[in-house]
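S.K.: Let me begin by handing over the structure; questions about it come next.
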Amino acid sequence: MTDLEQAIRQLSMTYATALRTKTQERIAEMEKDDKGHYLIYRLLGISADEGDAIDLYQNKGRLLYRYAGALLENATRLCFVAAFPEAVSLKIPNTLGSRPKTFEIDCVVADRAYEIKWRDATTDGDHITKEHTRLKAIAAAGYTPIRLMYYYPNRQQAARIQNVLEDLYKANGGQYYAGNAAWAHIHHTTGIDLLALLTAIAGEQD
């Protein structure tokens with residue numbers, strides 16, 4: 001087993017433990033929640049038991065998505081660092097506005113500035129404006145903005161937002177990789193087959 005494999009396996013275990021802990025804490029908090037809003041659920045044909053299940057899984061889902069994103073982002077960063085020891089996370093100043101004051105780059109490799117997403121289901125048009133400002137600031141700082149998004153959204157509106165973002169990246173001299181192209185890019189760039197490695201680790205836990 002390589003050091004990288006061991007590091008990603010440990011990363012998976014760490015986030016899995018953290019997710020279980022946070023989920024248990026959230027469930028304990030929810031048991032004390034005021035459930036007066038169930039009146040409106042009932043008006044919409046949702047029973048108290050079904051309302052409990054919906055609220056529970058909504059909260060579980062938020063935690064799951066947060067930790068899934070963190071796991072894949074950090075696993076990707078480990079691959080970059082293994083191949084390019086000088087790779088770092090970095091903050092650059094927002095030279096085009098006052099908010100936010102800085103933009104964080106998930107991983108910088110030479111002149112390439114990577115934004116790493118496990119998936120992005122946003123349908124908010126404001127997201128495009130913020131991302132455009134971010135891209136222009138990154139390009140102005142001398143970096144090539146690159147977006148890696150491993151799982152493409154299923155909903156049509158979210159997919160349209162991604163199409164716009166892809167155009168913005170290319171318009172600012174950047175690159176955009178989603179789905180299979182993202183997995184292939186990390187494999188080609190680092191020599192590490194992250195998808196195969198994650199698949200093997202997940203198989204051990206089934």
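Ligands are numbered from 1 in the order shown, residues from 1 within each chain, and chains are lettered A, B, ... in the order they appear in the structure tokens.
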List every residue of segment 164-196 of chain A that has an atom at most 6 Å from any atom of segment 139-152 of chain A, giving for each one its closest atom pair and the distance in Å to one decimal, counting only C-alpha atoms, sorted by chain and then by ascending residue number, as a tab-separated table.

M.R.:
```
residue	atom	partner	partner_atom	distance
A:Gly174	CA	A:Pro145	CA	4.7
A:Gln175	CA	A:Ile146	CA	4.7
A:Tyr176	CA	A:Arg147	CA	4.8
A:Tyr177	CA	A:Leu148	CA	5.1
A:Ala178	CA	A:Met149	CA	4.6
A:Gly179	CA	A:Tyr150	CA	4.6
A:Ala182	CA	A:Leu148	CA	5.3
```

S.K.: Taking only residues of segment 57-167 of chain A that have an atom at most 12 Å from an atom of segment 198-203 of chain A, what is each one's shortest atom pair and its distance in Å to one decimal, using only C-alpha atoms, in chain and number order, as a Markdown table?

M.R.:
```
| residue | atom | partner | partner_atom | distance |
| --- | --- | --- | --- | --- |
| A:Leu71 | CA | A:Leu198 | CA | 10.5 |
| A:Leu72 | CA | A:Leu198 | CA | 9.3 |
| A:Ala75 | CA | A:Leu198 | CA | 9.1 |
| A:Thr76 | CA | A:Leu198 | CA | 10.7 |
| A:Cys79 | CA | A:Leu198 | CA | 11.9 |
```

S.K.: Just to be explicit: take each residue in the selection above, keep C-alpha atoms, and write the result as a short mmCIF file (atom, residue, chain, number, x, y, z; two decimals), in the first residue's frame.

M.R.:
```cif
data_model
loop_
_atom_site.label_atom_id
_atom_site.label_comp_id
_atom_site.auth_asym_id
_atom_site.auth_seq_id
_atom_site.Cartn_x
_atom_site.Cartn_y
_atom_site.Cartn_z
CA LEU A 71 -13.65 14.18 1.37
CA LEU A 72 -13.35 14.39 -2.41
CA ALA A 75 -8.51 13.43 -1.66
CA THR A 76 -7.94 15.36 -4.87
CA CYS A 79 -3.18 13.49 -5.34
#
```

S.K.: Running DSSP on the backbone, which parts of segment 3-74 of chain A land in alpha helix (DSSP H), as JSON, numbers by chain?

M.R.: {"A": [3, 4, 5, 6, 7, 8, 9, 10, 11, 12, 13, 14, 15, 16, 17, 18, 19, 20, 21, 22, 23, 24, 25, 26, 27, 28, 29, 30, 38, 39, 40, 41, 42, 43, 48, 49, 50, 51, 52, 53, 54, 55, 56, 57, 58, 59, 60, 61, 62, 63, 64, 65, 66, 67, 68, 69, 70, 71, 72, 73, 74]}

S.K.: Mind the document's chain letters and residue numbers, and return as an MDAnalysis selection string the residues of segment 120-193 of chain A that DSSP labels strand (DSSP E).

M.R.: chainID A and resid 144:151 175:178

S.K.: Which residues are close to Ala110 of chain A, i.e. within 9 Å by only C-alpha atoms, leaving aside same-chain residues fewer than 6 positions away? Reply as a PDB file with N, CA and C atoms, in the first residue's frame.

M.R.:
```pdb
ATOM      1  N   PHE A  84       2.927  16.756  -7.183  1.00  0.00           N
ATOM      2  CA  PHE A  84       3.580  18.071  -7.211  1.00  0.00           C
ATOM      3  C   PHE A  84       3.705  18.572  -5.771  1.00  0.00           C
ATOM      4  N   GLU A  86       4.931  20.925  -4.354  1.00  0.00           N
ATOM      5  CA  GLU A  86       4.799  22.371  -4.117  1.00  0.00           C
ATOM      6  C   GLU A  86       3.348  22.832  -4.161  1.00  0.00           C
ATOM      7  N   ALA A  87       2.414  21.939  -4.488  1.00  0.00           N
ATOM      8  CA  ALA A  87       1.000  22.306  -4.589  1.00  0.00           C
ATOM      9  C   ALA A  87       0.469  22.786  -3.234  1.00  0.00           C
ATOM     10  N   TYR A 143      -2.956  33.363 -12.833  1.00  0.00           N
ATOM     11  CA  TYR A 143      -3.233  31.922 -12.790  1.00  0.00           C
ATOM     12  C   TYR A 143      -4.242  31.526 -13.873  1.00  0.00           C
TER      13      TYR A 143
END
```

S.K.: Using only C-alpha atoms, which of the listed residues (A:Ile138, A:Asp33, A:Lys130, A:Tyr65) sits closest to Pro93 of chain A?

M.R.: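 Closest residue, counting only C-alpha atoms: A:Ile138.
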